[in-house]
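Some notes on the structure that comes next.
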Amino acid sequence: ETGVTQSPTHLIKTRGQQVTLRCSSQSGHNTVSWYQQALGQGPQFIFQYYREEENGRGNFPPRFSGLQFPNYSSELNVNALELDDSALYLCASSQGLEDIQYFGAGTRLSVL
Amino acid sequence: QQQVKQSPQSLIVQKGGISIINCAYENTAFDYFPWYQQFPGKGPALLIAIRPDVSEKKEGRFTISFNKSAKQFSLHIMDSQPGDSATYFCAASPLYSSNTGKLIFGQGTTLQVKP
C-alpha cells in the first residue's frame, strides 16, 4: 500500500451535477497530482498542487478545479458533469515536484 | 509533441519467457522515464525508472533500456511469471522545468503470462 487514500471508491452521478473527490496524501508529502484514466487508456494529467498552490494544469476545462489543504490533502471538483467525465480519477502524492509519485487506488466516477 | 506512444497494446508470454514493451517520445525536454504496473482495481505502482544519463537500468527481473538518439525506451521482464500479469504504462516528464512532475503516460500494455 502506498499510504495515499482516496474517497469515495465509487460514485454515480447524473449529467449536469457536481462532484468532489478527496485525496489524503502520504505522510511527509507536499505535492499532489490528479489524473483522469478513461477505460483502457493511460492516465491523463489534470493538475498538480505544491504546498497549497496550483503548479500546472493539463488540457482540462475550468470546470475541473482543485484545492490543497494545509495538511496537504487535496480535493478535485468537477462541475456540470458530462458523460465523458466517466473515468477512474487518480491522485498521486510525492515528497516534492521531482520525486516519485505514489498513486492511490482511485475513485471510479460514472456519469449517467 | 507531448505524446508518448506505447506498443504493443497487449502481449501474451509463456511463463519463463521475456516480455518486451516499447515506448517512443517526441519531446526532447523529457528527462525522467518511469514504468508503472497496474493491477485491476488498483492505482499504478512505480516499477522502475530511468534518467537519460544512463542507457540501461536493471532491478531484479526488470530492465529499462534507453536510446536517447532514437527517443525510445523499453521495459524487459525476464523470466516472466503469472504474477506479472497486469497492465504496464510507460511515462515521461521533464525533471527540472515548470512541467516537472507532470507525467505523460503511454496508452498501456496488457500483459498476460501463461503458466
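If you're wondering about the labels, chains in the C-alpha cells are A, B, ... by order shown, residues count from 1 in each chain, ligands from 1 in order shown.
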
Any chance you could tabulate, as a tab-separated table, the residues of chain B at most 10 Å from chain A with each one's nearest atom pair and distance in Å to one decimal, using only C-alpha atoms, in chain and rising number order?
residue	atom	partner	partner_atom	distance
B:Gln6	CA	A:Gly42	CA	9.9
B:Gln9	CA	A:Gly40	CA	9.8
B:Tyr32	CA	A:Glu98	CA	9.2
B:Pro34	CA	A:Ile100	CA	9.0
B:Gln38	CA	A:Ala105	CA	9.7
B:Phe39	CA	A:Ala105	CA	9.9
B:Pro40	CA	A:Ala105	CA	9.7
B:Gly41	CA	A:Ala105	CA	6.8
B:Lys42	CA	A:Ala105	CA	4.6
B:Gly43	CA	A:Ala105	CA	4.1
B:Pro44	CA	A:Phe103	CA	6.0
B:Ala45	CA	A:Phe103	CA	6.6
B:Leu46	CA	A:Tyr102	CA	7.4
B:Ala49	CA	A:Ile100	CA	9.2
B:Thr87	CA	A:Gly40	CA	9.6
B:Tyr88	CA	A:Gly42	CA	9.3
B:Phe89	CA	A:Gly42	CA	6.9
B:Cys90	CA	A:Gly42	CA	8.9
B:Ala91	CA	A:Gly42	CA	9.1
B:Ser93	CA	A:Glu98	CA	9.6
B:Pro94	CA	A:Glu98	CA	8.9
B:Leu95	CA	A:Glu98	CA	5.9
B:Tyr96	CA	A:Glu98	CA	7.5
B:Ser97	CA	A:Glu98	CA	9.7
B:Ser98	CA	A:Gly56	CA	7.7
B:Asn99	CA	A:Gly56	CA	7.1
B:Thr100	CA	A:Leu97	CA	6.1
B:Gly101	CA	A:Leu97	CA	5.4
B:Lys102	CA	A:Phe45	CA	6.5
B:Leu103	CA	A:Phe45	CA	6.7
B:Ile104	CA	A:Gln44	CA	6.8
B:Phe105	CA	A:Gly42	CA	5.6
B:Gly106	CA	A:Gly42	CA	5.7
B:Gln107	CA	A:Gly42	CA	4.6
B:Gly108	CA	A:Gly42	CA	5.8
B:Thr109	CA	A:Gly40	CA	9.5
B:Thr110	CA	A:Gly40	CA	9.4

Task: Backbone DSSP call of strand (DSSP E or B) for chain A, listed as a PyMOL selection string - done: chain A and resi 5-7+10-13+19-24+31-37+44-50+53-57+64-68+74-78+87-94+102-103+107-111

Task: Thr20 of chain A surroundings by only C-alpha atoms, 8 Å radius, close-in-sequence under 2 positions cut, as a ChimeraX atom specification - done: /A:18,22,75-78

Residue subset to file, keeping N, CA, C and O atoms, as a compact mmCIF listing (two decimals), in the first residue's frame:
# COMPACT_ATOMS: atom_id res chain seq x y z
N GLN A 18 -22.57 18.15 -9.85
CA GLN A 18 -21.22 18.49 -9.42
C GLN A 18 -20.70 17.37 -8.51
O GLN A 18 -21.48 16.69 -7.83
N ARG A 22 -11.83 13.24 -3.00
CA ARG A 22 -10.87 13.59 -1.98
C ARG A 22 -9.65 12.67 -1.99
O ARG A 22 -9.75 11.49 -2.35
N GLU A 75 -8.54 18.07 -2.85
CA GLU A 75 -9.85 17.81 -3.44
C GLU A 75 -9.81 18.10 -4.92
O GLU A 75 -9.12 19.02 -5.37
N LEU A 76 -10.58 17.31 -5.67
CA LEU A 76 -10.82 17.57 -7.08
C LEU A 76 -12.32 17.82 -7.21
O LEU A 76 -13.12 16.99 -6.77
N ASN A 77 -12.69 18.94 -7.78
CA ASN A 77 -14.09 19.27 -8.01
C ASN A 77 -14.37 19.31 -9.50
O ASN A 77 -13.57 19.86 -10.27
N VAL A 78 -15.47 18.71 -9.88
CA VAL A 78 -15.89 18.78 -11.28
C VAL A 78 -17.32 19.29 -11.32
O VAL A 78 -18.22 18.70 -10.71

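Each of A:Ser86, A:Asn59, A:Ser27, A:Ser93 was compared to Ser110 of chain A using only C-alpha atoms, and A:Ser86 turns out to be the nearest.
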
TODO: Quick one: everything within 6 Å of segment 79-83 of chain A, counting only C-alpha atoms, minus sequence neighbours fewer than 5 positions away in the same chain. Send it as a list of chain:residue names.
DONE: A:Arg15, A:Gly16, A:Gln17, A:Gln18, A:Arg63, A:Val111

Open item on the list: Just want the 9 Å neighbourhood of Phe66 of chain B, counted on only C-alpha atoms, with same-chain residues fewer than 5 positions away dropped. Output as a ChimeraX atom specification.
Closed with: /B:50-52,54-57,71-74

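Among B:Ser85, B:Ser65, B:Ser19, B:Ser80, the residue with the shortest atom-to-atom distance to Phe33 of chain B, counting only C-alpha atoms, is B:Ser65.
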
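Between atom CA of Tyr72 of chain A and atom CA of His29 of chain A lies a distance of 7.3 Å.
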
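Across B:Ala92, B:Val113, B:Ile48, B:Ile20, the tightest approach to Leu75 of chain B is made by B:Ile20 when counting only C-alpha atoms.
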
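Once Ser24 of chain A and its same-chain neighbours fewer than 5 positions away are set aside, Val4, Thr5, Gln6, Ser73 and Ser74 of chain A remain within 7 Å of it when counting only C-alpha atoms.
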
For the residues in the current selection, export C-alpha atoms as a short mmCIF file (atom, residue, chain, number, x, y, z; two decimals), in the first residue's frame.
data_model
loop_
_atom_site.label_atom_id
_atom_site.label_comp_id
_atom_site.auth_asym_id
_atom_site.auth_seq_id
_atom_site.Cartn_x
_atom_site.Cartn_y
_atom_site.Cartn_z
CA VAL A 4 -2.35 7.52 -0.46
CA THR A 5 -6.06 7.15 0.20
CA GLN A 6 -8.90 8.33 -2.00
CA SER A 73 -4.65 16.59 1.43
CA SER A 74 -6.47 17.60 -1.72
#

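In this model, the gap between atom CA of Asn71 of chain A and atom CA of Gln36 of chain A comes to 23.2 Å.
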
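The interatomic distance for the pair atom CA of Gln3 of chain B and atom CA of Ala70 of chain B works out to 15.0 Å.
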